[in-house]
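Raw contents of input-v8.cif, mmCIF, C-alpha atoms:
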```cif
data_final
loop_
_atom_site.label_atom_id
_atom_site.label_comp_id
_atom_site.auth_asym_id
_atom_site.auth_seq_id
_atom_site.Cartn_x
_atom_site.Cartn_y
_atom_site.Cartn_z
CA MET A 16 -10.62 24.50 19.16
CA ASN A 17 -7.53 22.31 18.83
CA ASP A 18 -7.33 18.48 18.71
CA GLY A 19 -6.82 18.19 22.47
CA ALA A 20 -9.77 20.42 23.31
CA ARG A 21 -12.10 18.65 20.87
CA LEU A 22 -10.97 15.27 22.18
CA GLN A 23 -11.55 16.35 25.79
CA SER A 24 -15.03 17.55 24.93
CA TYR A 25 -15.84 14.34 23.05
CA LEU A 26 -14.55 12.12 25.85
CA THR A 27 -16.57 14.07 28.42
CA ASP A 28 -19.72 13.27 26.44
CA VAL A 29 -18.78 9.59 26.16
CA ALA A 30 -17.58 9.11 29.72
CA GLY A 31 -20.60 10.65 31.38
CA GLY A 32 -18.35 12.67 33.67
CA PRO A 33 -15.93 15.58 33.24
CA VAL A 34 -12.72 14.50 31.48
CA THR A 35 -9.44 16.33 31.85
CA ILE A 36 -6.59 15.44 29.50
CA THR A 37 -3.39 15.49 31.54
CA ALA A 38 -1.04 14.35 28.75
CA PHE A 39 -1.44 14.04 24.98
CA GLU A 40 1.66 13.53 22.88
CA LYS A 41 2.65 11.63 19.77
CA LEU A 42 4.70 8.49 20.33
CA THR A 43 7.59 7.58 18.07
CA GLY A 44 7.36 4.79 15.53
CA GLY A 45 4.32 3.77 13.53
CA ALA A 46 4.98 4.34 9.85
CA ILE A 47 1.42 3.39 8.99
CA GLN A 48 -0.55 4.34 12.10
CA GLU A 49 0.05 7.07 14.61
CA ASN A 50 0.08 6.27 18.30
CA TRP A 51 -0.52 9.02 20.85
CA LEU A 52 0.05 8.81 24.56
CA LEU A 53 -3.14 9.97 26.28
CA ASP A 54 -3.62 10.38 30.03
CA ILE A 55 -7.02 11.36 31.25
CA SER A 56 -8.64 12.06 34.56
CA VAL A 57 -12.39 11.45 34.73
CA GLY A 58 -14.46 13.13 37.43
CA LYS A 59 -17.32 11.41 39.20
CA GLY A 60 -20.36 10.70 37.13
CA GLY A 61 -19.88 7.60 35.03
CA GLU A 62 -18.20 4.22 34.58
CA TRP A 63 -14.90 5.86 33.67
CA THR A 64 -14.36 7.67 36.98
CA GLY A 65 -10.64 7.80 37.83
CA ASN A 66 -7.31 8.20 36.07
CA HIS A 67 -6.48 6.29 32.89
CA LYS A 68 -3.25 5.79 30.97
CA LEU A 69 -4.22 5.24 27.36
CA VAL A 70 -2.95 5.09 23.80
CA LEU A 71 -4.89 6.75 21.00
CA ARG A 72 -4.35 5.14 17.63
CA ARG A 73 -5.21 6.74 14.31
CA ASP A 74 -4.11 6.69 10.66
CA ALA A 75 -0.79 8.27 9.75
CA PRO A 76 -1.04 10.98 7.06
CA SER A 77 -0.62 8.45 4.25
CA ALA A 78 -1.59 5.02 5.44
CA VAL A 79 -1.03 1.88 3.35
CA ALA A 80 -4.31 1.14 1.62
CA THR A 81 -3.99 -2.57 2.34
CA SER A 82 -4.06 -2.33 6.11
CA HIS A 83 -7.31 -2.54 8.09
CA SER A 84 -9.35 0.44 9.13
CA ARG A 85 -9.13 1.49 12.75
CA ALA A 86 -12.60 0.06 13.40
CA GLN A 87 -11.50 -3.30 12.01
CA GLU A 88 -8.30 -3.26 14.02
CA PHE A 89 -10.34 -2.44 17.13
CA ALA A 90 -12.61 -5.44 16.43
CA LEU A 91 -9.54 -7.66 16.06
CA LEU A 92 -8.14 -6.40 19.36
CA GLN A 93 -11.44 -7.13 21.09
CA ARG A 94 -11.60 -10.62 19.55
CA ALA A 95 -8.01 -11.39 20.53
CA HIS A 96 -8.65 -10.15 24.06
CA ARG A 97 -11.67 -12.45 24.35
CA ALA A 98 -9.49 -15.36 23.20
CA GLY A 99 -7.05 -14.74 26.03
CA VAL A 100 -4.33 -13.10 23.96
CA THR A 101 -2.30 -10.53 25.88
CA VAL A 102 -3.20 -7.27 24.16
CA PRO A 103 -3.65 -3.69 25.31
CA LEU A 104 -7.26 -3.63 26.55
CA PRO A 105 -9.36 -1.94 23.84
CA CYS A 106 -11.73 0.61 25.36
CA LEU A 107 -13.29 2.98 22.83
CA MET A 108 -13.79 3.15 19.07
CA ALA A 109 -14.61 6.60 17.74
CA GLU A 110 -15.86 6.87 14.16
CA ASP A 111 -16.79 10.55 14.55
CA GLU A 112 -14.38 12.31 12.17
CA SER A 113 -15.25 15.75 13.51
CA VAL A 114 -13.10 15.08 16.59
CA LEU A 115 -9.66 14.42 15.10
CA GLY A 116 -10.31 14.44 11.37
CA GLY A 117 -10.55 10.65 11.10
CA PRO A 118 -11.51 7.58 13.08
CA PHE A 119 -9.45 6.62 16.12
CA PHE A 120 -9.57 4.20 18.99
CA LEU A 121 -8.38 4.13 22.56
CA MET A 122 -6.71 1.26 24.35
CA HIS A 123 -5.08 0.96 27.73
CA ARG A 124 -1.35 1.61 27.73
CA VAL A 125 0.92 -1.29 28.64
CA ASP A 126 4.34 -1.03 30.21
CA GLY A 127 7.61 -1.90 28.55
CA THR A 128 9.37 -1.45 25.26
CA ALA A 129 8.67 -2.79 21.80
CA ALA A 130 11.94 -1.58 20.25
CA GLY A 131 13.48 -4.51 18.41
CA ARG A 132 16.98 -3.10 18.54
CA THR A 133 16.72 -2.85 22.33
CA LEU A 134 15.16 -6.26 22.89
CA VAL A 135 17.73 -8.21 20.87
CA LYS A 136 20.53 -6.62 22.91
CA ARG A 137 19.22 -8.31 26.06
CA PRO A 138 20.53 -11.79 26.88
CA PRO A 139 18.84 -14.70 25.07
CA ASP A 140 15.44 -15.22 26.65
CA ASP A 141 13.86 -18.66 26.31
CA ASP A 142 11.04 -17.70 28.64
CA LEU A 143 9.99 -14.72 26.51
CA VAL A 144 10.05 -16.84 23.38
CA ARG A 145 7.87 -19.45 25.10
CA GLN A 146 5.41 -16.72 26.05
CA LEU A 147 5.36 -15.54 22.45
CA ALA A 148 4.77 -19.07 21.17
CA THR A 149 1.87 -19.56 23.58
CA GLN A 150 0.33 -16.24 22.56
CA LEU A 151 0.62 -17.15 18.90
CA SER A 152 -1.12 -20.48 19.53
CA ARG A 153 -4.04 -18.57 21.09
CA ILE A 154 -4.30 -16.30 18.06
CA HIS A 155 -4.27 -19.34 15.79
CA ALA A 156 -7.09 -20.92 17.81
CA ILE A 157 -9.45 -18.09 16.78
CA GLY A 158 -11.92 -19.17 14.11
CA PRO A 159 -14.22 -17.18 11.84
CA ASP A 160 -17.16 -15.50 13.56
CA ASP A 161 -19.48 -12.54 13.02
CA THR A 162 -17.16 -10.04 14.66
CA LEU A 163 -14.49 -10.74 12.02
CA SER A 164 -16.77 -10.96 8.99
CA PHE A 165 -14.78 -8.16 7.32
CA LEU A 166 -11.83 -10.54 6.86
CA THR A 167 -11.96 -12.36 3.54
CA ILE A 168 -11.45 -16.12 3.68
CA PRO A 169 -9.01 -17.02 0.89
CA ASP A 170 -10.51 -19.03 -1.98
CA GLY A 171 -7.38 -20.99 -2.70
CA ALA A 172 -4.03 -21.56 -1.05
CA PRO A 173 -3.01 -18.44 0.92
CA SER A 174 0.49 -18.80 -0.51
CA LEU A 175 -0.75 -18.39 -4.08
CA VAL A 176 -3.04 -15.54 -3.07
CA ALA A 177 0.02 -13.86 -1.53
CA VAL A 178 2.11 -14.37 -4.69
CA GLU A 179 -0.58 -12.74 -6.84
CA THR A 180 -1.05 -9.93 -4.32
CA TYR A 181 2.65 -9.03 -4.18
CA ARG A 182 2.92 -9.16 -7.98
CA ARG A 183 0.04 -6.73 -8.16
CA TYR A 184 1.73 -4.42 -5.63
CA LEU A 185 4.91 -4.47 -7.69
CA ASP A 186 2.96 -3.69 -10.85
CA ASP A 187 1.20 -0.81 -9.11
CA MET A 188 4.56 0.73 -8.18
CA GLY A 189 5.78 0.59 -11.76
CA GLN A 190 9.46 -0.18 -11.28
CA ALA A 191 10.51 -3.69 -12.29
CA ARG A 192 12.25 -5.71 -9.57
CA PRO A 193 13.69 -8.81 -11.20
CA SER A 194 15.05 -10.40 -8.00
CA LEU A 195 11.65 -10.17 -6.33
CA GLU A 196 10.03 -11.52 -9.50
CA TRP A 197 12.46 -14.43 -9.32
CA GLY A 198 11.44 -15.01 -5.70
CA LEU A 199 7.75 -14.81 -6.52
CA ARG A 200 8.18 -17.22 -9.42
CA TRP A 201 9.86 -19.69 -7.06
CA LEU A 202 7.10 -19.17 -4.48
CA GLY A 203 4.46 -19.78 -7.14
CA VAL A 204 6.05 -22.97 -8.41
CA ASN A 205 6.91 -24.33 -4.96
CA ALA A 206 3.70 -23.38 -3.15
CA PRO A 207 2.61 -26.00 -0.62
CA GLU A 208 -0.88 -27.43 -0.68
CA LYS A 209 -3.47 -25.37 1.15
CA GLY A 210 -3.15 -26.00 4.87
CA ASP A 211 -5.24 -25.18 7.92
CA ILE A 212 -6.79 -21.72 7.82
CA VAL A 213 -6.59 -19.81 11.10
CA LEU A 214 -6.51 -16.22 12.23
CA CYS A 215 -2.98 -14.99 11.57
CA HIS A 216 -1.61 -11.78 13.01
CA ARG A 217 0.48 -11.31 9.84
CA ASP A 218 2.93 -8.94 11.48
CA TYR A 219 3.92 -11.09 14.47
CA ARG A 220 7.53 -10.17 15.03
CA THR A 221 9.99 -8.55 17.36
CA GLY A 222 9.11 -4.86 17.30
CA ASN A 223 5.39 -5.52 17.51
CA TYR A 224 5.09 -6.72 21.08
CA MET A 225 5.81 -5.03 24.40
CA VAL A 226 8.11 -6.47 27.04
CA ASP A 227 8.63 -5.00 30.49
CA ASP A 228 11.94 -4.71 32.34
CA ASP A 229 11.39 -8.13 33.95
CA GLY A 230 11.05 -9.82 30.57
CA ALA A 231 7.29 -10.27 30.84
CA LEU A 232 5.27 -9.95 27.65
CA THR A 233 2.78 -7.14 28.24
CA GLY A 234 1.02 -6.80 24.90
CA ILE A 235 0.84 -7.96 21.29
CA LEU A 236 0.50 -4.88 19.10
CA ASP A 237 -0.27 -3.83 15.54
CA TRP A 238 -3.16 -5.97 14.29
CA GLU A 239 -3.64 -3.95 11.15
CA PHE A 240 -2.62 -6.73 8.71
CA SER A 241 -4.34 -9.67 10.46
CA GLY A 242 -6.27 -12.12 8.33
CA TRP A 243 -7.06 -15.75 7.57
CA SER A 244 -4.01 -17.70 6.53
CA GLU A 245 -1.90 -20.71 7.41
CA PRO A 246 -0.23 -20.78 10.84
CA GLU A 247 3.14 -21.23 9.17
CA GLU A 248 2.87 -17.71 7.74
CA ASP A 249 3.13 -16.20 11.23
CA ILE A 250 5.80 -18.66 12.35
CA GLY A 251 7.89 -17.95 9.24
CA TRP A 252 7.49 -14.19 9.64
CA PHE A 253 8.48 -14.36 13.31
CA CYS A 254 11.61 -16.42 12.59
CA ALA A 255 12.67 -14.69 9.35
CA LYS A 256 16.22 -13.37 9.35
CA CYS A 257 14.99 -9.92 8.39
CA TRP A 258 13.19 -9.61 11.75
CA ARG A 259 16.07 -10.60 14.01
CA PHE A 260 17.50 -7.07 14.12
CA GLY A 261 21.01 -8.40 13.53
CA ALA A 262 20.86 -11.12 16.23
CA ASN A 263 21.06 -13.69 13.49
CA ASP A 264 22.14 -16.59 15.68
CA ARG A 265 18.78 -16.45 17.47
CA ASP A 266 16.27 -17.58 14.89
CA ALA A 267 13.19 -16.86 16.98
CA GLY A 268 12.89 -13.12 16.51
CA GLY A 269 16.47 -12.42 17.60
CA ILE A 270 15.39 -13.43 21.13
CA ALA A 271 16.18 -17.15 21.46
CA GLY A 272 16.59 -20.36 19.51
CA ARG A 273 14.02 -21.64 17.05
CA ASP A 274 13.67 -25.02 18.79
CA THR A 275 12.46 -23.38 21.99
CA PHE A 276 9.83 -21.45 20.06
CA TYR A 277 8.70 -24.50 18.08
CA ARG A 278 8.44 -26.75 21.14
CA ALA A 279 6.41 -24.21 23.10
CA TYR A 280 4.12 -23.56 20.13
CA GLU A 281 3.52 -27.25 19.53
CA GLU A 282 2.80 -27.84 23.20
CA ALA A 283 0.37 -24.92 23.46
CA SER A 284 -1.39 -25.43 20.14
CA GLY A 285 -1.46 -29.20 19.82
CA ARG A 286 -0.23 -28.74 16.24
CA THR A 287 2.92 -30.26 14.77
CA ILE A 288 5.03 -27.69 12.98
CA ASP A 289 5.81 -28.60 9.38
CA THR A 290 9.30 -27.16 8.98
CA VAL A 291 9.18 -27.32 5.17
CA ARG A 292 6.07 -25.17 5.15
CA VAL A 293 7.61 -22.72 7.63
CA ASP A 294 10.72 -22.49 5.48
CA TYR A 295 8.55 -21.67 2.47
CA TRP A 296 6.75 -18.91 4.38
CA GLU A 297 10.08 -17.60 5.60
CA THR A 298 11.07 -17.05 1.99
CA MET A 299 7.73 -15.35 1.45
CA ALA A 300 8.49 -13.15 4.47
CA HIS A 301 11.57 -11.68 2.81
CA VAL A 302 9.70 -11.02 -0.43
CA ARG A 303 6.78 -9.50 1.45
CA TRP A 304 8.94 -7.21 3.56
CA ALA A 305 10.83 -6.09 0.45
CA VAL A 306 7.57 -5.22 -1.29
CA ILE A 307 6.27 -3.35 1.77
CA ALA A 308 9.60 -1.52 2.09
CA CYS A 309 9.25 -0.36 -1.53
CA GLN A 310 5.69 0.80 -0.80
CA GLN A 311 6.81 2.71 2.28
CA ALA A 312 9.68 4.38 0.45
CA ALA A 313 7.34 5.30 -2.39
CA ARG A 314 5.44 7.48 0.08
CA HIS A 315 8.63 9.46 0.62
CA VAL A 316 9.54 9.61 -3.06
CA SER A 317 6.04 10.75 -4.06
CA GLY A 318 6.23 13.59 -1.55
CA ASP A 319 3.23 12.31 0.42
CA GLN A 320 5.36 11.99 3.53
CA THR A 321 8.92 13.31 3.52
CA SER A 322 10.72 11.10 6.01
CA LEU A 323 14.32 10.07 6.58
CA GLU A 324 13.20 6.69 7.88
CA LEU A 325 10.95 5.95 4.90
CA ALA A 326 13.69 7.09 2.51
CA LEU A 327 16.18 4.70 4.07
CA THR A 328 13.70 1.83 4.11
CA GLN A 329 14.23 1.55 0.35
CA HIS A 330 17.88 0.77 0.98
CA LEU A 331 16.98 -2.33 2.99
CA VAL A 332 15.63 -3.87 -0.19
CA PRO A 333 18.95 -4.99 -1.77
CA GLU A 334 19.87 -7.17 1.22
CA LEU A 335 16.34 -8.60 1.26
CA GLU A 336 16.68 -9.39 -2.45
CA MET A 337 19.98 -11.12 -1.76
CA GLU A 338 18.36 -13.25 0.94
CA VAL A 339 15.52 -14.12 -1.43
CA LEU A 340 18.05 -15.24 -4.05
CA ARG A 341 19.96 -17.29 -1.47
CA ARG A 342 16.77 -19.05 -0.41
CA THR A 343 15.50 -19.81 -3.92
CA GLY A 344 18.54 -21.26 -5.67
CA GLY A 345 19.56 -17.88 -7.01
CA ARG A 346 23.10 -17.94 -5.66
CA PRO A 347 25.43 -19.27 -8.37
CA ASP A 348 28.05 -20.87 -6.11
CA ALA A 349 25.58 -22.42 -3.67
CA MET B 15 19.30 -0.62 -11.07
CA ARG B 16 19.46 1.96 -8.35
CA ASP B 17 16.39 2.75 -6.32
CA GLN B 18 14.88 6.07 -5.47
CA PRO B 19 15.73 7.95 -3.39
CA THR B 20 19.22 7.73 -4.88
CA GLY B 21 22.35 8.52 -2.92
CA LEU B 22 22.32 12.04 -4.29
CA GLU B 23 18.72 12.50 -3.17
CA LEU B 24 19.59 11.11 0.26
CA ALA B 25 22.45 13.60 0.57
CA ASP B 26 20.02 16.42 -0.30
CA LEU B 27 17.61 15.12 2.34
CA VAL B 28 20.35 15.13 4.97
CA GLN B 29 21.20 18.71 4.00
CA ARG B 30 17.56 19.74 4.42
CA ILE B 31 17.50 18.15 7.89
CA GLU B 32 20.72 19.89 8.88
CA ASP B 33 19.27 23.17 7.62
CA GLY B 34 16.36 22.67 10.00
CA ASP B 35 13.68 21.92 7.41
CA SER B 36 10.73 20.94 9.60
CA ALA B 37 8.89 19.34 6.67
CA VAL B 38 11.25 16.33 6.88
CA GLU B 39 10.24 13.78 9.51
CA VAL B 40 13.13 12.49 11.60
CA PRO B 41 13.15 10.06 14.54
CA ASP B 42 12.93 11.68 17.98
CA ASP B 43 15.66 9.45 19.39
CA LYS B 44 18.86 11.40 18.75
CA ARG B 45 21.13 8.35 18.64
CA TYR B 46 18.88 6.60 16.16
CA ARG B 47 18.55 9.79 14.11
CA ASP B 48 22.33 10.26 13.98
CA LEU B 49 22.78 6.66 12.86
CA MET B 50 20.27 7.21 10.09
CA LEU B 51 21.91 10.42 8.94
CA ALA B 52 25.28 8.68 8.84
CA SER B 53 23.80 5.77 6.94
CA ALA B 54 22.20 8.07 4.35
CA LEU B 55 25.49 9.90 3.78
CA ALA B 56 27.41 6.64 3.54
CA ILE B 57 25.07 5.34 0.83
CA ALA B 58 25.47 8.62 -1.05
CA GLU B 59 29.25 8.38 -0.76
CA ARG B 60 29.42 4.77 -1.94
CA GLN B 61 27.18 5.50 -4.92
CA GLN B 62 29.33 8.44 -5.86
CA GLU B 63 32.47 6.30 -5.63
CA SER B 64 31.11 3.52 -7.82
CA GLY B 65 29.64 5.96 -10.34
CA ASP B 66 27.85 4.55 -13.38
CA ALA B 67 29.83 1.31 -13.52
CA PRO B 68 27.35 -1.02 -11.71
CA GLU B 69 24.40 0.07 -13.84
CA GLY B 70 26.57 -0.18 -16.96
CA ARG B 71 27.49 -3.79 -16.15
CA GLU B 72 23.86 -4.59 -15.34
CA ARG B 73 22.72 -3.19 -18.68
CA ASP B 74 25.39 -5.08 -20.63
CA ARG B 75 24.37 -8.38 -19.04
CA LEU B 76 20.69 -7.72 -19.74
CA ILE B 77 21.41 -6.91 -23.39
CA SER B 78 23.15 -10.25 -23.65
CA ILE B 79 20.40 -12.21 -21.87
CA LEU B 80 17.48 -10.57 -23.68
CA ASP B 81 19.34 -10.16 -26.97
CA LYS B 82 18.02 -6.63 -27.37
CA ASP B 83 19.18 -3.10 -26.63
CA GLY B 84 17.41 -0.42 -24.64
CA ALA B 85 17.41 1.76 -21.58
CA LEU B 86 18.10 -0.05 -18.32
CA ALA B 87 14.60 0.53 -16.91
CA GLU B 88 12.97 -0.87 -20.05
CA LEU B 89 15.27 -3.87 -20.15
CA ASN B 90 14.46 -4.60 -16.52
CA GLN B 91 10.73 -4.40 -17.25
CA ASP B 92 11.08 -6.97 -20.01
CA PHE B 93 13.39 -9.13 -17.91
CA ALA B 94 10.99 -9.15 -14.94
CA GLN B 95 8.09 -10.15 -17.16
CA VAL B 96 10.02 -13.03 -18.71
CA ILE B 97 10.95 -14.27 -15.23
CA ARG B 98 7.29 -14.03 -14.19
CA ASP B 99 6.31 -16.04 -17.27
CA GLY B 100 8.66 -18.84 -16.21
CA LYS B 101 10.90 -18.64 -19.27
CA PHE B 102 14.07 -18.57 -17.13
CA ASP B 103 13.08 -21.41 -14.80
CA PRO B 104 15.59 -24.14 -13.85
CA GLY B 105 16.24 -26.31 -16.90
CA THR B 106 15.99 -23.48 -19.42
CA THR B 107 19.07 -22.64 -21.48
CA GLN B 108 19.58 -19.23 -19.91
CA PHE B 109 18.96 -20.24 -16.32
CA ALA B 110 22.65 -20.11 -15.33
CA SER B 111 23.33 -16.71 -16.89
CA VAL B 112 20.13 -15.25 -15.45
CA ARG B 113 21.04 -16.50 -11.98
CA GLU B 114 24.55 -15.11 -12.32
CA HIS B 115 23.19 -11.77 -13.46
CA LEU B 116 20.69 -11.51 -10.59
CA TRP B 117 23.34 -12.39 -8.04
CA GLN B 118 25.89 -9.93 -9.44
CA THR B 119 23.26 -7.19 -9.53
CA ALA B 120 22.27 -7.91 -5.94
CA LEU B 121 25.93 -7.86 -4.89
CA ASP B 122 26.49 -4.47 -6.54
CA ARG B 123 23.35 -3.09 -4.90
CA VAL B 124 24.26 -4.36 -1.43
CA ARG B 125 27.81 -3.00 -1.77
CA GLU B 126 26.18 0.42 -1.97
CA SER B 127 23.27 0.03 0.44
CA ASN B 128 24.78 -1.99 3.27
CA PRO B 129 28.11 -3.73 2.57
CA LYS B 130 28.27 -4.96 6.18
CA VAL B 131 25.91 -7.82 5.30
CA LEU B 132 28.48 -9.23 2.88
CA LYS B 133 30.86 -9.86 5.77
CA GLY B 134 28.35 -11.94 7.73
#
```
What would the structure in this file look like if it were written as structure tokens?
Amino acid sequence: MNDGARLQSYLTDVAGGPVTITAFEKLTGGAIQENWLLDISVGKGGEWTGNHKLVLRRDAPSAVATSHSRAQEFALLQRAHRAGVTVPLPCLMAEDESVLGGPFFLMHRVDGTAAGRTLVKRPPDDDLVRQLATQLSRIHAIGPDDTLSFLTIPDGAPSLVAVETYRRYLDDMGQARPSLEWGLRWLGVNAPEKGDIVLCHRDYRTGNYMVDDDGALTGILDWEFSGWSEPEEDIGWFCAKCWRFGANDRDAGGIAGRDTFYRAYEEASGRTIDTVRVDYWETMAHVRWAVIACQQAARHVSGDQTSLELALTQHLVPELEMEVLRRTGGRPDA
Amino acid sequence: MRDQPTGLELADLVQRIEDGDSAVEVPDDKRYRDLMLASALAIAERQQESGDAPEGRERDRLISILDKDGALAELNQDFAQVIRDGKFDPGTTQFASVREHLWQTALDRVRESNPKVLKG
């Protein structure tokens, strides 16, 4: 029995009515998780009766060990949905590894595109950036509760925890990276005092949300790195130059100006953005992305996953290093 | 110091893809895939053009900063540790030469990986 047949059988048991899979194909993207388009038709007999357009999400062949499990990501999606965040509606978590060889979950499919390169080619969009700021404020309003008990609350300042974490990742990879060490040293010495601790998405950026053809935000995606941190971590990540896909004159994710994003966030959250703290986390963003890029490329180099995209990810690192140096007093003529 | 996969390894990867090796994952979007293939070959070409010179300069500067000889990878390991320990922080005697070295190394690396960013 192949994956599709096993899945159809499993879903028939769960749905309480006969399930027919009408489409099941792998979607592009997702270096860490795999997303599969799944259309099902459920015959009469249970709550699921009718046709459903879904996405099935499961681990890629060699997932990054630091990201959440699918069950944890499913819990985060459910929690975000309850908090009024626009996310694809989570509908089923399956831990039974006999179906597809590992855990997976289903969520409703949302319309639109997430492709950063496409989105930044559209005209500047203040309205979209305001929607994104409002969504982020809702995520940051989520506090610790039993459903998120798997997320560790940092003992000290999240910035210093991050510095130690990325040093450890570099050590684990073996190759010395002096420019990133320089950046991490600066981040260690210049760490701000511990701020408010909120739920952070920790990958909130252009490329990880869906927008339809009318410019409406249809879903915040990819919750696999979410955790407790300072709100400025998400704001800095969203605005970092490395996530503007070349639209560098639009600080807010390559979509619109930073001021628009800040004003909408402050209005929705009731918080005042500390620009010095955001700037610090923006520096961290470049270091973090460089470290992750090295980890992704290492999967190619090790032979775990031979991929043109992963191979080329390594060659983003020099420009990230240069940006880190620029931001930390490492440019001699600055 | 150059990263892996090197330009030569990227060129081999492109050859495997062109030979139809299904073990290599490539993006489904043809335009995106073609851009990536071109980018990989361009990196390979630029590394071939610059040869050993960038790594030679990097090694010479490190020998001067650390006052010791060795293979480039080993020198970089020592250098990274000393940075981590704060011995090249602002105010230290070697701060300026360390900063100059890091910047020159980054410039050489970006000239090979994506020289477009130097124009921006």
### Query
What's the 9 Å shell around stretch 244-257 of chain A, counting all atoms listed in the file, without same-chain residues fewer than 4 positions away, as an MDAnalysis selection string?
chainID A and resid 148 151:152 155 168:169 172:174 209:221 261:263 265:269 273 277 288:290 292:301 304 335 338
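Proximity ranking of A:Leu325, A:Val306, A:Leu107, A:Ala191 relative to chain B places A:Ala191 first, based on all atoms listed in the file.
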#### Entry: Expansion of the PyMOL selection byres ((chain A) within 7 of (chain B)) into residues, as number ranges by chain
A: 43, 191-194, 196-197, 200, 316, 321-324, 326-327, 330, 333-334, 336-337, 345-347
Selection: 10 Å around stretch 64-67 of chain A, all atoms listed in the file, excl. self and same-chain fewer than 2 positions, as a PDB file with C-alpha atoms, in the frame of the given file:
```
ATOM      1  CA  ALA A  30     -17.580   9.110  29.720  1.00  0.00           C
ATOM      2  CA  GLY A  31     -20.600  10.650  31.380  1.00  0.00           C
ATOM      3  CA  GLY A  32     -18.350  12.670  33.670  1.00  0.00           C
ATOM      4  CA  PRO A  33     -15.930  15.580  33.240  1.00  0.00           C
ATOM      5  CA  VAL A  34     -12.720  14.500  31.480  1.00  0.00           C
ATOM      6  CA  THR A  35      -9.440  16.330  31.850  1.00  0.00           C
ATOM      7  CA  ILE A  36      -6.590  15.440  29.500  1.00  0.00           C
ATOM      8  CA  THR A  37      -3.390  15.490  31.540  1.00  0.00           C
ATOM      9  CA  LEU A  53      -3.140   9.970  26.280  1.00  0.00           C
ATOM     10  CA  ASP A  54      -3.620  10.380  30.030  1.00  0.00           C
ATOM     11  CA  ILE A  55      -7.020  11.360  31.250  1.00  0.00           C
ATOM     12  CA  SER A  56      -8.640  12.060  34.560  1.00  0.00           C
ATOM     13  CA  VAL A  57     -12.390  11.450  34.730  1.00  0.00           C
ATOM     14  CA  GLY A  58     -14.460  13.130  37.430  1.00  0.00           C
ATOM     15  CA  LYS A  59     -17.320  11.410  39.200  1.00  0.00           C
ATOM     16  CA  GLY A  60     -20.360  10.700  37.130  1.00  0.00           C
ATOM     17  CA  GLY A  61     -19.880   7.600  35.030  1.00  0.00           C
ATOM     18  CA  GLU A  62     -18.200   4.220  34.580  1.00  0.00           C
ATOM     19  CA  LEU A  69      -4.220   5.240  27.360  1.00  0.00           C
ATOM     20  CA  VAL A  70      -2.950   5.090  23.800  1.00  0.00           C
ATOM     21  CA  MET A 122      -6.710   1.260  24.350  1.00  0.00           C
ATOM     22  CA  HIS A 123      -5.080   0.960  27.730  1.00  0.00           C
ATOM     23  CA  ARG A 124      -1.350   1.610  27.730  1.00  0.00           C
TER      24      ARG A 124
END
```
#### Entry: Selection result of the PyMOL selection byres ((chain A and resi 119) around 10) on this file, as a list in words
Glu49, Asn50, Leu71, Arg72, Arg73, Asp74, Ser84, Arg85, Ala86, Phe89, Leu107, Met108, Ala109, Glu110, Asp111, Glu112, Val114, Leu115, Gly116, Gly117, Pro118, Phe120 and Leu121 of chain A
### Query
What is the atom CA of B:Asp83 to atom CA of B:Gly70 distance in Å?
12.5 Å
### Task
Step by step, work through what the PyMOL selection byres ((chain A and resi 308) around 9) selects in the shown file, and finish by giving those residues as a PyMOL selection string.
chain A and resi 303-307+309-313+325+328-332
Any chance you could turn stretch 31-49 of chain B into a file with C-alpha atoms, as a PDB file, in the first residue's frame?
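What follows is the written file selection_15.pdb:
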```pdb
ATOM      1  CA  ILE B  31      21.670  18.114 -12.652  1.00  0.00           C
ATOM      2  CA  GLU B  32      22.260  18.595 -16.375  1.00  0.00           C
ATOM      3  CA  ASP B  33      23.004  14.879 -16.676  1.00  0.00           C
ATOM      4  CA  GLY B  34      19.581  14.186 -15.185  1.00  0.00           C
ATOM      5  CA  ASP B  35      20.739  12.879 -11.795  1.00  0.00           C
ATOM      6  CA  SER B  36      17.443  12.530  -9.934  1.00  0.00           C
ATOM      7  CA  ALA B  37      19.206  12.312  -6.559  1.00  0.00           C
ATOM      8  CA  VAL B  38      19.809  16.090  -6.671  1.00  0.00           C
ATOM      9  CA  GLU B  39      16.835  18.145  -5.505  1.00  0.00           C
ATOM     10  CA  VAL B  40      16.091  21.150  -7.697  1.00  0.00           C
ATOM     11  CA  PRO B  41      13.280  23.720  -7.477  1.00  0.00           C
ATOM     12  CA  ASP B  42      10.180  22.917  -9.553  1.00  0.00           C
ATOM     13  CA  ASP B  43       9.917  26.482 -10.830  1.00  0.00           C
ATOM     14  CA  LYS B  44      11.981  26.469 -14.028  1.00  0.00           C
ATOM     15  CA  ARG B  45      12.835  30.166 -13.929  1.00  0.00           C
ATOM     16  CA  TYR B  46      14.007  29.940 -10.340  1.00  0.00           C
ATOM     17  CA  ARG B  47      15.932  26.750 -11.109  1.00  0.00           C
ATOM     18  CA  ASP B  48      17.685  28.357 -14.088  1.00  0.00           C
ATOM     19  CA  LEU B  49      18.643  31.350 -11.961  1.00  0.00           C
TER      20      LEU B  49
END
```
